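Peer 1: Here you go, model12.cif (mmCIF, C-alpha atoms and all ligand atoms):
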```cif
data_target
#
loop_
_atom_site.group_PDB
_atom_site.id
_atom_site.type_symbol
_atom_site.label_atom_id
_atom_site.label_comp_id
_atom_site.auth_asym_id
_atom_site.auth_seq_id
_atom_site.Cartn_x
_atom_site.Cartn_y
_atom_site.Cartn_z
ATOM 1 C CA MET A 253 0.000 0.000 0.000
ATOM 2 C CA PHE A 254 1.175 3.469 -0.767
ATOM 3 C CA THR A 255 0.519 6.248 1.724
ATOM 4 C CA LEU A 256 0.298 10.020 1.518
ATOM 5 C CA PRO A 257 3.397 11.518 3.146
ATOM 6 C CA GLU A 258 2.901 14.406 5.512
ATOM 7 C CA LEU A 259 4.171 17.776 4.358
ATOM 8 C CA PRO A 260 7.601 18.434 5.882
ATOM 9 C CA TYR A 261 6.357 21.921 6.946
ATOM 10 C CA SER A 262 3.035 23.630 7.589
ATOM 11 C CA TYR A 263 0.610 24.607 4.818
ATOM 12 C CA SER A 264 1.379 28.274 5.355
ATOM 13 C CA SER A 265 5.181 27.894 5.455
ATOM 14 C CA LEU A 266 5.734 28.742 1.819
ATOM 15 C CA GLU A 267 3.781 32.019 1.970
ATOM 16 C CA PRO A 268 3.862 34.407 0.219
ATOM 17 C CA HIS A 269 5.345 32.417 -2.669
ATOM 18 C CA ILE A 270 2.819 29.586 -2.526
ATOM 19 C CA ASP A 271 -0.390 30.367 -0.675
ATOM 20 C CA THR A 272 -1.861 28.254 2.129
ATOM 21 C CA GLU A 273 -5.031 27.267 0.293
ATOM 22 C CA THR A 274 -3.088 26.024 -2.733
ATOM 23 C CA MET A 275 -0.915 23.878 -0.453
ATOM 24 C CA GLN A 276 -3.974 22.427 1.318
ATOM 25 C CA ILE A 277 -5.802 21.505 -1.876
ATOM 26 C CA HIS A 278 -2.655 20.370 -3.658
ATOM 27 C CA HIS A 279 -1.515 18.029 -0.880
ATOM 28 C CA ASP A 280 -4.789 16.921 0.751
ATOM 29 C CA LYS A 281 -6.839 16.578 -2.429
ATOM 30 C CA HIS A 282 -4.649 16.217 -5.527
ATOM 31 C CA HIS A 283 -1.809 14.195 -4.054
ATOM 32 C CA ALA A 284 -4.155 12.155 -1.831
ATOM 33 C CA THR A 285 -6.231 11.230 -4.889
ATOM 34 C CA TYR A 286 -3.174 9.977 -6.785
ATOM 35 C CA VAL A 287 -2.310 7.747 -3.821
ATOM 36 C CA LYS A 288 -5.852 6.392 -3.554
ATOM 37 C CA ASN A 289 -6.137 5.728 -7.287
ATOM 38 C CA LEU A 290 -2.714 4.062 -7.343
ATOM 39 C CA ASN A 291 -3.719 1.690 -4.539
ATOM 40 C CA ASP A 292 -7.068 1.010 -6.222
ATOM 41 C CA ALA A 293 -5.395 0.241 -9.557
ATOM 42 C CA LEU A 294 -2.975 -2.173 -7.883
ATOM 43 C CA GLU A 295 -5.589 -4.001 -5.833
ATOM 44 C CA GLY A 296 -4.729 -7.702 -5.804
ATOM 45 C CA HIS A 297 -1.188 -7.090 -7.133
ATOM 46 C CA THR A 298 0.539 -7.535 -3.777
ATOM 47 C CA ASP A 299 4.053 -7.681 -5.239
ATOM 48 C CA LEU A 300 3.595 -4.302 -6.944
ATOM 49 C CA LEU A 301 1.847 -2.759 -3.917
ATOM 50 C CA ASN A 302 4.873 -3.593 -1.772
ATOM 51 C CA MET A 303 7.427 -2.072 -4.109
ATOM 52 C CA ASP A 304 9.155 1.239 -3.520
ATOM 53 C CA ILE A 305 7.509 3.773 -5.798
ATOM 54 C CA GLU A 306 10.854 4.485 -7.531
ATOM 55 C CA VAL A 307 11.257 0.795 -8.370
ATOM 56 C CA LEU A 308 7.669 0.506 -9.558
ATOM 57 C CA LEU A 309 8.072 3.451 -11.961
ATOM 58 C CA SER A 310 11.576 2.659 -13.163
ATOM 59 C CA ASP A 311 10.348 -0.219 -15.340
ATOM 60 C CA LEU A 312 6.778 0.225 -16.525
ATOM 61 C CA ASN A 313 6.951 -2.989 -18.568
ATOM 62 C CA LYS A 314 6.610 -5.086 -15.440
ATOM 63 C CA ILE A 315 3.125 -3.647 -14.857
ATOM 64 C CA PRO A 316 0.293 -5.631 -16.474
ATOM 65 C CA ASP A 317 -1.043 -4.036 -19.694
ATOM 66 C CA GLU A 318 -4.550 -3.446 -18.388
ATOM 67 C CA ILE A 319 -3.420 -1.274 -15.462
ATOM 68 C CA ARG A 320 -0.181 0.195 -16.834
ATOM 69 C CA THR A 321 -1.579 3.614 -17.800
ATOM 70 C CA LYS A 322 -3.385 4.052 -14.471
ATOM 71 C CA VAL A 323 -0.274 3.065 -12.543
ATOM 72 C CA LYS A 324 1.946 5.334 -14.647
ATOM 73 C CA ASN A 325 -0.362 8.325 -14.133
ATOM 74 C CA ASN A 326 -1.212 7.855 -10.465
ATOM 75 C CA GLY A 327 2.131 6.368 -9.428
ATOM 76 C CA GLY A 328 3.852 9.252 -11.191
ATOM 77 C CA GLY A 329 1.500 11.662 -9.424
ATOM 78 C CA HIS A 330 2.458 10.134 -6.094
ATOM 79 C CA PHE A 331 6.218 10.059 -6.696
ATOM 80 C CA ASN A 332 6.404 13.501 -8.310
ATOM 81 C CA HIS A 333 4.451 15.267 -5.570
ATOM 82 C CA SER A 334 6.313 13.473 -2.752
ATOM 83 C CA LEU A 335 9.574 14.796 -4.166
ATOM 84 C CA TYR A 336 8.145 18.244 -4.954
ATOM 85 C CA TRP A 337 7.207 18.843 -1.279
ATOM 86 C CA GLU A 338 10.721 17.910 -0.239
ATOM 87 C CA VAL A 339 12.616 20.179 -2.598
ATOM 88 C CA MET A 340 10.793 23.235 -1.252
ATOM 89 C CA GLY A 341 10.858 24.802 2.176
ATOM 90 C CA PRO A 342 10.669 27.945 4.248
ATOM 91 C CA ASN A 343 13.901 29.937 4.681
ATOM 92 C CA CYS A 344 15.267 28.451 1.477
ATOM 93 C CA GLY A 345 16.148 29.851 -1.944
ATOM 94 C CA GLY A 346 19.521 31.361 -2.698
ATOM 95 C CA VAL A 347 22.121 29.278 -4.473
ATOM 96 C CA PRO A 348 23.431 25.747 -3.987
ATOM 97 C CA SER A 349 26.913 25.064 -2.678
ATOM 98 C CA GLY A 350 29.525 22.320 -2.700
ATOM 99 C CA LYS A 351 29.644 19.549 -5.257
ATOM 100 C CA LEU A 352 26.181 20.318 -6.613
ATOM 101 C CA MET A 353 27.170 23.896 -7.449
ATOM 102 C CA GLU A 354 30.383 22.652 -9.080
ATOM 103 C CA GLN A 355 28.378 20.253 -11.247
ATOM 104 C CA ILE A 356 25.872 22.958 -12.230
ATOM 105 C CA GLU A 357 28.724 25.238 -13.247
ATOM 106 C CA LYS A 358 30.361 22.435 -15.193
ATOM 107 C CA ASP A 359 27.196 21.464 -17.086
ATOM 108 C CA PHE A 360 25.544 24.868 -17.550
ATOM 109 C CA GLY A 361 28.378 27.417 -17.344
ATOM 110 C CA ASP A 362 27.121 29.301 -14.296
ATOM 111 C CA PHE A 363 24.176 29.322 -11.898
ATOM 112 C CA PRO A 364 22.186 32.167 -13.524
ATOM 113 C CA THR A 365 22.383 30.347 -16.884
ATOM 114 C CA PHE A 366 21.110 27.155 -15.262
ATOM 115 C CA GLN A 367 18.298 29.055 -13.560
ATOM 116 C CA GLU A 368 17.298 30.733 -16.814
ATOM 117 C CA LYS A 369 17.213 27.415 -18.707
ATOM 118 C CA PHE A 370 15.236 25.649 -15.984
ATOM 119 C CA SER A 371 12.740 28.536 -15.820
ATOM 120 C CA ALA A 372 12.383 28.473 -19.608
ATOM 121 C CA ALA A 373 11.623 24.734 -19.512
ATOM 122 C CA ALA A 374 8.964 25.303 -16.830
ATOM 123 C CA ILE A 375 7.372 28.364 -18.423
ATOM 124 C CA GLY A 376 7.564 26.993 -21.955
ATOM 125 C CA HIS A 377 6.082 23.580 -21.169
ATOM 126 C CA PHE A 378 2.788 23.276 -23.043
ATOM 127 C CA GLY A 379 -0.111 22.159 -20.845
ATOM 128 C CA SER A 380 0.170 20.142 -17.655
ATOM 129 C CA GLY A 381 3.464 18.637 -16.605
ATOM 130 C CA TRP A 382 6.750 19.135 -14.809
ATOM 131 C CA ALA A 383 10.184 20.694 -15.299
ATOM 132 C CA TRP A 384 13.120 18.661 -14.007
ATOM 133 C CA LEU A 385 16.782 18.671 -13.186
ATOM 134 C CA VAL A 386 17.988 15.097 -13.504
ATOM 135 C CA LYS A 387 21.232 13.233 -13.267
ATOM 136 C CA ALA A 388 21.883 10.949 -16.209
ATOM 137 C CA ASN A 389 25.159 9.518 -17.487
ATOM 138 C CA GLY A 390 27.193 11.406 -14.925
ATOM 139 C CA LYS A 391 25.857 14.835 -15.796
ATOM 140 C CA LEU A 392 22.957 17.117 -15.048
ATOM 141 C CA GLU A 393 20.218 17.684 -17.588
ATOM 142 C CA ILE A 394 17.096 19.885 -17.694
ATOM 143 C CA LEU A 395 13.968 18.388 -19.195
ATOM 144 C CA ASP A 396 10.188 18.593 -19.048
ATOM 145 C CA THR A 397 7.569 15.871 -19.029
ATOM 146 C CA VAL A 398 3.839 15.755 -19.738
ATOM 147 C CA ASN A 399 1.104 14.887 -17.243
ATOM 148 C CA GLN A 400 2.585 12.819 -14.392
ATOM 149 C CA ASP A 401 5.347 11.185 -16.439
ATOM 150 C CA THR A 402 8.596 10.827 -14.559
ATOM 151 C CA PRO A 403 12.208 10.631 -15.813
ATOM 152 C CA LEU A 404 12.662 7.527 -13.620
ATOM 153 C CA SER A 405 10.964 5.573 -16.388
ATOM 154 C CA ASP A 406 13.779 6.654 -18.761
ATOM 155 C CA GLY A 407 16.537 5.656 -16.348
ATOM 156 C CA LYS A 408 17.196 9.240 -15.251
ATOM 157 C CA THR A 409 17.343 10.271 -11.601
ATOM 158 C CA PRO A 410 15.527 13.470 -10.609
ATOM 159 C CA ILE A 411 17.046 15.818 -8.064
ATOM 160 C CA LEU A 412 14.806 18.873 -8.596
ATOM 161 C CA LEU A 413 11.343 19.297 -10.092
ATOM 162 C CA LEU A 414 8.722 21.961 -10.510
ATOM 163 C CA ASP A 415 5.002 21.308 -10.885
ATOM 164 C CA VAL A 416 3.552 23.401 -13.707
ATOM 165 C CA TRP A 417 0.025 21.962 -13.637
ATOM 166 C CA GLU A 418 -2.334 24.899 -13.187
ATOM 167 C CA HIS A 419 -3.520 23.487 -9.844
ATOM 168 C CA SER A 420 -0.080 24.269 -8.411
ATOM 169 C CA TYR A 421 -0.344 28.023 -8.975
ATOM 170 C CA TYR A 422 -3.700 29.139 -10.374
ATOM 171 C CA LEU A 423 -5.377 30.380 -7.150
ATOM 172 C CA LYS A 424 -2.659 32.941 -6.556
ATOM 173 C CA TYR A 425 -1.014 33.528 -9.903
ATOM 174 C CA ARG A 426 -3.981 32.865 -12.231
ATOM 175 C CA ASN A 427 -2.637 32.535 -15.772
ATOM 176 C CA LEU A 428 0.783 33.994 -14.918
ATOM 177 C CA ARG A 429 2.896 30.853 -14.713
ATOM 178 C CA ALA A 430 6.087 32.864 -15.167
ATOM 179 C CA ASP A 431 5.413 34.755 -11.905
ATOM 180 C CA TYR A 432 4.985 31.468 -10.042
ATOM 181 C CA VAL A 433 8.238 30.133 -11.479
ATOM 182 C CA LYS A 434 10.077 33.325 -10.539
ATOM 183 C CA ALA A 435 8.717 33.238 -6.971
ATOM 184 C CA TRP A 436 9.489 29.526 -6.630
ATOM 185 C CA TRP A 437 13.253 30.177 -6.606
ATOM 186 C CA ASN A 438 12.722 31.752 -3.160
ATOM 187 C CA ILE A 439 11.608 28.428 -1.695
ATOM 188 C CA THR A 440 13.903 25.993 -3.505
ATOM 189 C CA ASN A 441 15.488 23.757 -0.878
ATOM 190 C CA TRP A 442 19.050 23.489 -2.193
ATOM 191 C CA LYS A 443 20.171 21.555 0.865
ATOM 192 C CA LYS A 444 17.737 18.771 -0.015
ATOM 193 C CA VAL A 445 18.650 18.925 -3.719
ATOM 194 C CA ALA A 446 22.337 18.586 -2.805
ATOM 195 C CA GLU A 447 21.507 15.532 -0.673
ATOM 196 C CA LEU A 448 19.670 13.951 -3.586
ATOM 197 C CA TYR A 449 22.553 14.805 -5.917
ATOM 198 C CA GLU A 450 25.148 13.225 -3.639
ATOM 199 C CA LYS A 451 22.992 10.151 -3.118
ATOM 200 C CA VAL A 452 22.860 9.521 -6.852
ATOM 201 C CA GLY A 453 26.578 10.072 -7.040
ATOM 202 C CA ASP A 454 27.051 7.057 -4.838
ATOM 203 C CA ILE A 455 25.244 4.690 -7.121
ATOM 204 C CA THR A 456 26.398 5.788 -10.566
HETATM 205 MN MN MN3 B 501 0.440 18.900 -8.711
#
```
Would you mind writing the file's structure down as structure tokens?

Peer 2:
Amino acid sequence: MFTLPELPYSYSSLEPHIDTETMQIHHDKHHATYVKNLNDALEGHTDLLNMDIEVLLSDLNKIPDEIRTKVKNNGGGHFNHSLYWEVMGPNCGGVPSGKLMEQIEKDFGDFPTFQEKFSAAAIGHFGSGWAWLVKANGKLEILDTVNQDTPLSDGKTPILLLDVWEHSYYLKYRNLRADYVKAWWNITNWKKVAELYEKVGDIT
């Protein structure tokens, strides 16, 4: 069984960048629904229900045909949101440090260039989806995915992601996704992203 993780901070912690009501609906309704639908889709498939979500999504071919799309969508919704809550936080923002910063500078030139490219991926993504910073083949890469697709299914390991579904910003920012993306850099939890980066480093 998959369970809804608690937010690592209060609903109002990300104010004024993400408003309290958006956090409540996003976590308690949207994310909770993905978890429920994932468990429902996997009913009777005990082996799959007991898997770590990362393992489940890393090879979609092991999921029976008749439930694969439901599991991809709702499992992706569960994994993506779980990680999204973690890479944000109060008293965050700024710039990364250490090995992560060195890698960003190596792969993108400098931090502002990285930030600009990531923002462009998030703002330019058509429709619902996510922008990502992933580690693949020993380097960092920016990409975007549709719906609840996750780079795990392509063998890439995410270390940062931004939800650009309208439900993540519409109450406060309305149609102005670019303003949400700009504000989001104030709550990016670089400490957590660095942890994720160094964890991947150990296994590649
Ligand atoms: Mn969402």

Peer 1: Between atom CA of Gly328 of chain A and atom CA of Lys408 of chain A, what is the distance in Å, rounded to a tenth?

Peer 2: 13.9 Å

Peer 1: As an exercise, work out the distance from atom CA of His333 of chain A to atom CA of His278 of chain A in Å and give it to one decimal place.

Peer 2: 9.0 Å

Peer 1: Considering only C-alpha atoms and all ligand atoms, give me a table of residues in chain A that are at most 6 Å from ligand MN3 501 (chain B), with the closest atom pair and distance in Å for each, as JSON lines.

Peer 2:
```
{"residue": "A:Asp415", "atom": "CA", "partner": "B:MN3_501", "partner_atom": "MN", "distance": 5.6}
{"residue": "A:Trp417", "atom": "CA", "partner": "B:MN3_501", "partner_atom": "MN", "distance": 5.8}
{"residue": "A:Ser420", "atom": "CA", "partner": "B:MN3_501", "partner_atom": "MN", "distance": 5.4}
```

Peer 1: From the set A:Glu357, A:Glu338, A:Glu447, A:Glu306, which residue has the shortest atom-to-atom contact distance to Leu414 of chain A, counting all atoms listed in the file?

Peer 2: A:Glu338

Peer 1: Mind giving me the straight-line distance from atom CA of Glu450 of chain A to atom CA of Asn399 of chain A in Å, one decimal?

Peer 2: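 So the answer is 27.7 Å.
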